[in-house]
Amino acid sequence: MRRVASGPRARRARLSRSAEFERAYRQGRSHGNRHFVVYVFARSDADEPARLGLSVSRKVGGAVDRNLVKRLLREAFDAEAQLVPPAHDIVVVARPTALELARRDGLEGVRAALRELLERAGTP
């Protein structure tokens with residue numbers, strides 16, 4: 001049975017193929033802070049919504065910890081969606097300190113750190 005995506009972020013609004021991640025890494029602009037690195041790549045299909053890709057390695061923690069960070073990143077991205085114009089691929093790479101931020105400050109801390117990077121990226 002296929003699971004239907006719940007909430008505002010549809011399945012197609014995610015990066016899933018390694019080639020999509022590679023394109024963002026190689027051709028996109030990057031901005032980082034203590035907790036995250038954000039890669040922004042402008043696509044040519046202007047009618048499509050912005051897509052999010054997450055990279056949370058085992059350096060962040062075990063599966064439960066990584067899932068916490070990913071969930072908070074998705075929620076923070078949805079909350080800051082007005083900063084990202086359509087037709088952009090955004091890849092967020094979590095650094096090991098992201099877990100500390102998630103546990104200490106929760107969604108608001110992750111949202112503030114992500115907002116800082118998206119504003120710095122200055123997506124047109």
# chains A, B, ... in the order shown; residues from 1 in each chain; ligands from 1
call {"tool": "residues_around", "arguments": {"residues": "Ala76 of chain A", "least_positions_apart": "5", "cutoff": "8 Å", "atoms": "only C-alpha atoms", "output": "number ranges by chain"}}
result
A: 107-108, 110-111, 114
call {"tool": "select_by_dssp", "arguments": {"residues": "segment 44-116 of chain A", "states": "alpha helix (DSSP H)", "output": "ChimeraX atom specification"}}
result
/A:63-79,98-116
call {"tool": "residues_around", "arguments": {"residues": "segment 42-47 of chain A", "least_positions_apart": "5", "cutoff": "10 Å", "atoms": "only C-alpha atoms", "output": "VMD selection string"}}
result
chain A and resid 24 27 to 29 85 to 90 123 to 124
call {"tool": "write_last_selection", "arguments": {"atoms": "C-alpha atoms", "output": "compact mmCIF listing (two decimals), in the first residue's frame"}}
result
# COMPACT_ATOMS: atom_id res chain seq x y z
CA ALA A 24 22.73 21.41 -6.31
CA GLN A 27 26.16 24.19 -9.61
CA GLY A 28 24.34 25.80 -6.71
CA ARG A 29 25.46 28.47 -4.27
CA PRO A 85 10.90 31.41 -4.73
CA PRO A 86 9.46 28.69 -6.99
CA ALA A 87 11.72 26.61 -9.24
CA HIS A 88 14.60 26.32 -6.76
CA ASP A 89 16.21 23.23 -5.32
CA ILE A 90 17.33 23.64 -1.72
CA THR A 123 17.35 33.82 -3.59
CA PRO A 124 15.90 36.14 -6.24
call {"tool": "closest_residue", "arguments": {"among": "A:Leu101, A:Val69, A:Val38, A:Val60", "to": "Glu116 of chain A", "atoms": "only C-alpha atoms"}}
result
A:Val38
call {"tool": "residues_around", "arguments": {"residues": "Tyr39 of chain A", "least_positions_apart": "4", "cutoff": "10 Å", "atoms": "only C-alpha atoms", "output": "JSON, numbers by chain"}}
result
{"A": [21, 23, 24, 25, 26, 27, 28, 29, 30, 31, 32, 53, 89, 90, 91, 92, 93, 117, 118, 121]}
call {"tool": "select_by_dssp", "arguments": {"residues": "chain A", "states": "strand (DSSP E)", "output": "PyMOL selection string"}}
result
chain A and resi 29-32+36-42+51-56+88-94
call {"tool": "write_last_selection", "arguments": {"atoms": "N, CA and C atoms", "output": "PDB file, in the first residue's frame"}}
result
ATOM      1  N   ARG A  29      24.696  27.632  -5.200  1.00  0.00           N
ATOM      2  CA  ARG A  29      25.456  28.469  -4.266  1.00  0.00           C
ATOM      3  C   ARG A  29      25.293  27.887  -2.868  1.00  0.00           C
ATOM      4  N   SER A  30      26.342  27.984  -2.066  1.00  0.00           N
ATOM      5  CA  SER A  30      26.263  27.434  -0.723  1.00  0.00           C
ATOM      6  C   SER A  30      26.487  28.518   0.322  1.00  0.00           C
ATOM      7  N   HIS A  31      25.822  28.348   1.443  1.00  0.00           N
ATOM      8  CA  HIS A  31      25.949  29.245   2.586  1.00  0.00           C
ATOM      9  C   HIS A  31      25.872  28.372   3.826  1.00  0.00           C
ATOM     10  N   GLY A  32      26.707  28.652   4.793  1.00  0.00           N
ATOM     11  CA  GLY A  32      26.722  27.814   5.982  1.00  0.00           C
ATOM     12  C   GLY A  32      26.796  28.612   7.260  1.00  0.00           C
ATOM     13  N   PHE A  36      24.193  24.227   9.943  1.00  0.00           N
ATOM     14  CA  PHE A  36      23.727  23.740   8.643  1.00  0.00           C
ATOM     15  C   PHE A  36      24.523  24.359   7.502  1.00  0.00           C
ATOM     16  N   VAL A  37      24.502  23.691   6.361  1.00  0.00           N
ATOM     17  CA  VAL A  37      24.964  24.251   5.101  1.00  0.00           C
ATOM     18  C   VAL A  37      23.791  24.143   4.138  1.00  0.00           C
ATOM     19  N   VAL A  38      23.490  25.239   3.443  1.00  0.00           N
ATOM     20  CA  VAL A  38      22.382  25.274   2.494  1.00  0.00           C
ATOM     21  C   VAL A  38      22.940  25.486   1.096  1.00  0.00           C
ATOM     22  N   TYR A  39      22.526  24.617   0.172  1.00  0.00           N
ATOM     23  CA  TYR A  39      22.870  24.753  -1.243  1.00  0.00           C
ATOM     24  C   TYR A  39      21.599  25.161  -1.977  1.00  0.00           C
ATOM     25  N   VAL A  40      21.693  26.211  -2.799  1.00  0.00           N
ATOM     26  CA  VAL A  40      20.544  26.731  -3.532  1.00  0.00           C
ATOM     27  C   VAL A  40      20.856  26.658  -5.021  1.00  0.00           C
ATOM     28  N   PHE A  41      19.969  25.992  -5.774  1.00  0.00           N
ATOM     29  CA  PHE A  41      20.129  25.855  -7.221  1.00  0.00           C
ATOM     30  C   PHE A  41      18.832  26.278  -7.897  1.00  0.00           C
ATOM     31  N   ALA A  42      18.928  27.227  -8.846  1.00  0.00           N
ATOM     32  CA  ALA A  42      17.756  27.704  -9.578  1.00  0.00           C
ATOM     33  C   ALA A  42      17.508  26.804 -10.783  1.00  0.00           C
ATOM     34  N   ARG A  51      11.844  22.742  -4.182  1.00  0.00           N
ATOM     35  CA  ARG A  51      11.995  21.375  -3.675  1.00  0.00           C
ATOM     36  C   ARG A  51      13.082  21.350  -2.605  1.00  0.00           C
ATOM     37  N   LEU A  52      12.875  20.509  -1.609  1.00  0.00           N
ATOM     38  CA  LEU A  52      13.791  20.400  -0.481  1.00  0.00           C
ATOM     39  C   LEU A  52      14.472  19.044  -0.489  1.00  0.00           C
ATOM     40  N   GLY A  53      15.774  19.048  -0.253  1.00  0.00           N
ATOM     41  CA  GLY A  53      16.538  17.823  -0.059  1.00  0.00           C
ATOM     42  C   GLY A  53      17.281  17.924   1.261  1.00  0.00           C
ATOM     43  N   LEU A  54      17.327  16.840   2.004  1.00  0.00           N
ATOM     44  CA  LEU A  54      17.999  16.831   3.305  1.00  0.00           C
ATOM     45  C   LEU A  54      19.124  15.815   3.314  1.00  0.00           C
ATOM     46  N   SER A  55      20.222  16.181   3.930  1.00  0.00           N
ATOM     47  CA  SER A  55      21.339  15.270   4.119  1.00  0.00           C
ATOM     48  C   SER A  55      21.741  15.339   5.591  1.00  0.00           C
ATOM     49  N   VAL A  56      21.430  14.278   6.312  1.00  0.00           N
ATOM     50  CA  VAL A  56      21.733  14.209   7.742  1.00  0.00           C
ATOM     51  C   VAL A  56      22.513  12.917   7.968  1.00  0.00           C
ATOM     52  N   HIS A  88      13.272  26.423  -7.380  1.00  0.00           N
ATOM     53  CA  HIS A  88      14.595  26.323  -6.758  1.00  0.00           C
ATOM     54  C   HIS A  88      14.710  24.986  -6.038  1.00  0.00           C
ATOM     55  N   ASP A  89      15.889  24.413  -6.107  1.00  0.00           N
ATOM     56  CA  ASP A  89      16.208  23.227  -5.321  1.00  0.00           C
ATOM     57  C   ASP A  89      17.039  23.683  -4.137  1.00  0.00           C
ATOM     58  N   ILE A  90      16.632  23.282  -2.951  1.00  0.00           N
ATOM     59  CA  ILE A  90      17.328  23.638  -1.720  1.00  0.00           C
ATOM     60  C   ILE A  90      17.783  22.340  -1.064  1.00  0.00           C
ATOM     61  N   VAL A  91      19.090  22.206  -0.844  1.00  0.00           N
ATOM     62  CA  VAL A  91      19.626  21.054  -0.120  1.00  0.00           C
ATOM     63  C   VAL A  91      20.184  21.565   1.194  1.00  0.00           C
ATOM     64  N   VAL A  92      19.729  20.975   2.296  1.00  0.00           N
ATOM     65  CA  VAL A  92      20.207  21.342   3.623  1.00  0.00           C
ATOM     66  C   VAL A  92      21.029  20.183   4.159  1.00  0.00           C
ATOM     67  N   VAL A  93      22.277  20.483   4.494  1.00  0.00           N
ATOM     68  CA  VAL A  93      23.184  19.491   5.075  1.00  0.00           C
ATOM     69  C   VAL A  93      23.328  19.830   6.552  1.00  0.00           C
ATOM     70  N   ALA A  94      22.990  18.877   7.404  1.00  0.00           N
ATOM     71  CA  ALA A  94      23.076  19.097   8.849  1.00  0.00           C
ATOM     72  C   ALA A  94      24.485  18.768   9.336  1.00  0.00           C
TER      73      ALA A  94
END
call {"tool": "closest_residue", "arguments": {"among": "A:Leu73, A:Ala98, A:Ala112, A:Leu83", "to": "Arg58 of chain A", "atoms": "only C-alpha atoms"}}
result
A:Ala98
call {"tool": "atom_distance", "arguments": {"atom1": "atom CA of Arg66 of chain A", "atom2": "atom CA of Gly109 of chain A"}}
result
16.1 Å
call {"tool": "atom_distance", "arguments": {"atom1": "atom CA of Glu80 of chain A", "atom2": "atom CA of Glu119 of chain A"}}
result
10.0 Å
call {"tool": "closest_residue", "arguments": {"among": "A:Arg74, A:Val64, A:Glu100, A:Arg34", "to": "Arg14 of chain A", "atoms": "only C-alpha atoms"}}
result
A:Arg74
call {"tool": "atom_distance", "arguments": {"atom1": "atom CA of Ala79 of chain A", "atom2": "atom CA of Glu48 of chain A"}}
result
18.5 Å
